[in-house]
Amino acid sequence: MKVFATRIIPAAGLELLEKAGHTVTQWTENKEMTVEERIAYCKDHDALLFAGGRKIDRPLLENCRHMKVVSLLSVGYDNVDLKAATELGIQITNTPGVLSNATADTAFLLMLSAARKAFFHHKRILNGEWNFSTPTANLGVDVEGKTLGVWGLGNIGYVMAQRCKAAFGMDIIYHNRRRNEKAEKDLQARYVSFDELLQQSDVLSVHVNLTAETRDKFNMEVFRKMKPTAIFINAARGGIHNEPDLAAAIEQGIIWGAGLDVTNPEPMQPDNPLLQMPTVAVLPHIGSATQETRNAMARVAAENIIAALAGKPVLNPVNHLYTL
Ligand SMILES: NC(=O)C1=CN([C@@H]2O[C@H](COP(=O)(O)OP(=O)(O)OC[C@H]3O[C@@H](n4cnc5c(N)ncnc54)[C@H](OP(=O)(O)O)[C@@H]3O)[C@@H](O)[C@H]2O)C=CC1
Ligand SMILES: O=CC(=O)O
């Protein structure tokens, strides 16, 4: 059968699909497809491997009713109209688990980078300012022994908590809709209300899915409930924080700093004030971007397609989650 990939995909996934007898066409151009191009390609294929691009919306899905599966090369499924896909009988799948370590590592990197003003110091070196540091100027803060608050202690949040506890003996508090008993047992993570999470966290790391409930949750009203020394980390989705409010909160000393792998909108514009702030570290949505992890994700995405095209149950269905 015929599979269309919206970008060049890692070799491990390509090999699996070809070994299963499928023909794979990849979008190789260094520019986004137009809406018309995407519909034309999808109309002609049995499966879509979605490796990035504009939202999988109802108009696209309605033009591709024959498609058996849209396999996302990601965990997040907020860029798909799941309701439309389910109504049209199109299976949607994702790649959970295999990218948790790499994404948690990115959150960990951002936490340290914000705490130690690492990106700011890097910029200073580029400006030829090596000797500007004095015993009292441009200091960072320690994270050792402090409290990590995790909003969304699932696959990625768990690894972030595990790393922070093992590396720095941080106390772990978290807030989900349901208790995570494994984290409570293994990491002595303490379940708290959302407001307690805000009040008690020295570092607050966001790992929830982007949904109607979580969208724009971190706004000025919420930042005002956090410690003035707190560091806000978001390696989930930019839509979860209000970016002008975040910039104002740091500027006014309402919180101390931030580490963002995801921004709102993406791409972040180079003149965004957050990029000038010493206690802010921003990365261009590279949470899972390691060679090993991208190959593992491609394998899972390919296996989901192979199962769906064979009429077998897929590994990672997400259609049932659309009521979120
Ligand atoms: N930066 C990057 O490159 C990457 C970003 N991501 C993002 O990270 C997100 C999380 O991935 P992953 O850890 O695998 O997902 P999981 O489903 O394992 O974890 C999500 C957690 O969020 C909690 N949660 C969801 N909604 C709410 C809510 N309204 N209030 C409180 N808690 C909530 C869930 O618990 P409960 O259901 O009990 O509330 C769950 O523990 C993805 O959706 C994706 O957007 C993922 C990979 C890479
Ligand atoms: O943002 C990445 C994902 O896997 O979700």
# chains A, B, ... in the order shown; residues from 1 in each chain; ligands from 1
>>> residues_around(residues="range 44-49 of chain A", least_positions_apart="5", cutoff="9 Å", atoms="only C-alpha atoms", output="ChimeraX atom specification")
/A:1-7,9,39,64,66-73,301-302,305,308-309
>>> residues_near_ligand(ligand="ligand 1", cutoff="7 Å", atoms="only C-alpha atoms and all ligand atoms", output="PyMOL selection string")
chain A and resi 74-77+96-97+99-100+103+151-157+175-179+207-210+213-214+235-237+261-262+285-288
>>> atom_distance(atom1="CA of Ile306 in chain A", atom2="CA of Glu32 in chain A")
26.1 Å
>>> residues_around(residues="Leu198 in chain A", least_positions_apart="2", cutoff="8 Å", atoms="only C-alpha atoms", output="PyMOL selection string")
chain A and resi 149+194-196+200-201+204+222-223+225-227
>>> closest_residue(among="A:Ala230, A:Ile250, A:Ile172, A:Val80", to="ligand 2", atoms="only C-alpha atoms and all ligand atoms")
A:Val80
>>> closest_residue(among="A:Thr279, A:Thr147, A:Gln252, A:Gln269", to="Leu112 in chain A", atoms="only C-alpha atoms")
A:Thr279
